[in-house]
Amino acid sequence: MARLRKTARREQILLELQHHPHVRTSELATRFGVSTETVRRDVEALSQEGLIRRAYGGASIAPMGAQPPFGERDRARIEERAMIAARAAELVRPGEVLMIDAGSTTHQFALSLASVARDLTVLTNSVAVASALAQNETIQVVICPGDFMAREVGIYGAETIDFIARYNANRAFIGASGLTAGGITEVNRLAVGVKRAMLRQSLESYLLVDHSKFDVNLLATVEPLSALTGLVTNEQPTGPLAKALSDARVEVHVAG
């Protein structure tokens with residue numbers, strides 16, 4: 001294999017792990033025409049994003065029920081997530097009511113909204129989202145009650161879901177740990193109910209995920225693709241996922 005750039009190498013590692021449960025650093029280095037240290041850095045970066053797990057001599061598939069905390073995820077793939085956030089912000093109109101859930105990409109979305117949006121009401125279960133939106137005096141923020149989870153900087157629980165059910169919104173914007181032809185997937189079980197409630201209470205619903213989440217099947221399925229109005233991402237989906245999105249009439253908005 002010819003020498004690959006960093007992004008292409010990391011995507012190839014993820015592709016290999018879709019077919020093999022374990023890959024060796026030395027074999028990948030030979031295939032990519034780079035040093036083993038370079039591959040180790042690739043594995044470390046993917047591991048920090050929760051996409052794979054470091055293993056002796058290489059890497060293995062990440063467990064379905066685990067992901068890094070919000071702080072680590074919020075520092076990963078910033079450029080891609082910022083592009084997605086800016087594209088999603090273009091869908092919002094002054095005077096709208098939004099629901100935004102807790103997550104690293106939705107946090108970037110809130111930062112983008114704070115700089116460009118006007119006269120919004122936003123209901124969120126994310127302390128990070130609320131803090132970002134507070135920079136804009138024209139945005140009214142409603143924070144959900146419930147149990148605070150420091151790892152996610154978010155609020156969850158039955159009280160949170162009951163609270164969301166008392167409101168209605170023009171649009172919901174949620175993130176997720178994965179996206180497959182079968183639907184939206186999530187590692188955090190407590191987040192599933194919150195996401196479902198926001199999707200249910202909104203006229204339109206948008207999923208914000210970068211391409212690394214494509215074809216990632218995890219612990220829980222939030223909703224089928226038919227629950228979405230649109231997908232905002234940084235690359236056009238392909239293969240079975242693209243067909244499933246088309247069949248479900250989900251509009252794909254590609255940033256950049």
# chains A, B, ... in the order shown; residues from 1 in each chain; ligands from 1
>>> select_by_dssp(residues="region 5-206 of chain A", states="strand (DSSP E)", output="VMD selection string")
chain A and resid 22 to 24 52 to 55 58 to 61 97 to 100 120 to 124 139 to 143 147 to 149 154 to 156 169 to 174 178 to 180 183 to 186 202 to 206
>>> closest_atom_pairs(of="region 97-189 of chain A", to="region 206-216 of chain A", cutoff="9 Å", atoms="only C-alpha atoms", output="Markdown table")
| residue | atom | partner | partner_atom | distance |
| --- | --- | --- | --- | --- |
| A:Thr105 | CA | A:Leu208 | CA | 6.6 |
| A:Thr106 | CA | A:Leu208 | CA | 7.1 |
| A:Phe109 | CA | A:Leu208 | CA | 8.7 |
| A:Arg171 | CA | A:Tyr206 | CA | 7.4 |
| A:Ala172 | CA | A:Tyr206 | CA | 6.1 |
| A:Phe173 | CA | A:Tyr206 | CA | 4.9 |
| A:Ile174 | CA | A:Leu207 | CA | 5.2 |
| A:Gly175 | CA | A:Leu208 | CA | 5.1 |
| A:Ala176 | CA | A:Val209 | CA | 6.7 |
| A:Ser177 | CA | A:Lys213 | CA | 6.4 |
| A:Gly178 | CA | A:Lys213 | CA | 4.5 |
| A:Leu179 | CA | A:Phe214 | CA | 5.1 |
| A:Thr180 | CA | A:Asp215 | CA | 4.5 |
| A:Ala181 | CA | A:Asp215 | CA | 7.3 |
| A:Ile184 | CA | A:Leu207 | CA | 8.6 |
| A:Thr185 | CA | A:Val216 | CA | 7.6 |
>>> residues_around(residues="Arg93 (chain A)", least_positions_apart="6", cutoff="10 Å", atoms="only C-alpha atoms", output="mmCIF file with N, CA and C atoms, in the first residue's frame")
data_model
loop_
_atom_site.group_PDB
_atom_site.id
_atom_site.type_symbol
_atom_site.label_atom_id
_atom_site.label_comp_id
_atom_site.auth_asym_id
_atom_site.auth_seq_id
_atom_site.Cartn_x
_atom_site.Cartn_y
_atom_site.Cartn_z
ATOM 1 N N ALA A 117 -26.605 33.275 15.970
ATOM 2 C CA ALA A 117 -28.063 33.183 16.083
ATOM 3 C C ALA A 117 -28.659 34.381 16.825
ATOM 4 N N ARG A 118 -29.983 34.583 16.622
ATOM 5 C CA ARG A 118 -30.678 35.671 17.286
ATOM 6 C C ARG A 118 -32.051 35.183 17.768
ATOM 7 N N ASP A 119 -32.420 35.629 18.957
ATOM 8 C CA ASP A 119 -33.790 35.473 19.458
ATOM 9 C C ASP A 119 -34.266 34.022 19.480
ATOM 10 N N LEU A 120 -33.502 33.168 20.119
ATOM 11 C CA LEU A 120 -33.873 31.757 20.234
ATOM 12 C C LEU A 120 -34.266 31.423 21.669
ATOM 13 N N ASN A 170 -39.389 23.688 17.596
ATOM 14 C CA ASN A 170 -39.326 23.653 16.138
ATOM 15 C C ASN A 170 -38.364 22.573 15.655
#
>>> residues_around(residues="Thr36 (chain A)", least_positions_apart="6", cutoff="9 Å", atoms="only C-alpha atoms", output="compact mmCIF listing (two decimals) with all heavy atoms, in the first residue's frame")
# COMPACT_ATOMS: atom_id res chain seq x y z
N THR A 25 0.26 -3.59 15.18
CA THR A 25 0.92 -2.34 14.83
C THR A 25 1.99 -2.56 13.77
O THR A 25 2.09 -1.79 12.81
CB THR A 25 1.57 -1.72 16.09
OG1 THR A 25 0.55 -1.48 17.06
CG2 THR A 25 2.26 -0.41 15.76
N SER A 26 2.80 -3.60 13.91
CA SER A 26 3.90 -3.85 12.98
C SER A 26 3.38 -4.13 11.57
O SER A 26 3.95 -3.64 10.58
CB SER A 26 4.74 -5.02 13.47
OG SER A 26 3.94 -6.19 13.63
N GLU A 27 2.28 -4.88 11.47
CA GLU A 27 1.71 -5.19 10.15
C GLU A 27 1.13 -3.95 9.49
O GLU A 27 1.30 -3.74 8.28
CB GLU A 27 0.63 -6.27 10.30
CG GLU A 27 1.19 -7.62 10.74
CD GLU A 27 0.09 -8.64 11.00
OE1 GLU A 27 -1.09 -8.27 10.87
OE2 GLU A 27 0.42 -9.79 11.33
N LEU A 28 0.48 -3.11 10.29
CA LEU A 28 -0.07 -1.87 9.74
C LEU A 28 1.04 -0.94 9.28
O LEU A 28 0.93 -0.30 8.22
CB LEU A 28 -0.94 -1.17 10.79
CG LEU A 28 -2.25 -1.87 11.17
CD1 LEU A 28 -2.91 -1.14 12.33
CD2 LEU A 28 -3.19 -1.93 9.98
N ALA A 29 2.12 -0.86 10.05
CA ALA A 29 3.24 0.01 9.68
C ALA A 29 3.84 -0.41 8.34
O ALA A 29 4.15 0.44 7.49
CB ALA A 29 4.31 -0.04 10.78
N THR A 30 3.97 -1.73 8.13
CA THR A 30 4.50 -2.23 6.87
C THR A 30 3.57 -1.90 5.71
O THR A 30 4.01 -1.45 4.65
CB THR A 30 4.70 -3.75 6.95
OG1 THR A 30 5.64 -4.05 8.00
CG2 THR A 30 5.24 -4.30 5.64
>>> atom_distance(atom1="CA of Gln108 (chain A)", atom2="CA of Leu228 (chain A)")
20.1 Å
>>> closest_residue(among="A:Glu137, A:Glu16, A:Asp162, A:Glu204", to="Ala114 (chain A)", atoms="only C-alpha atoms")
A:Glu137
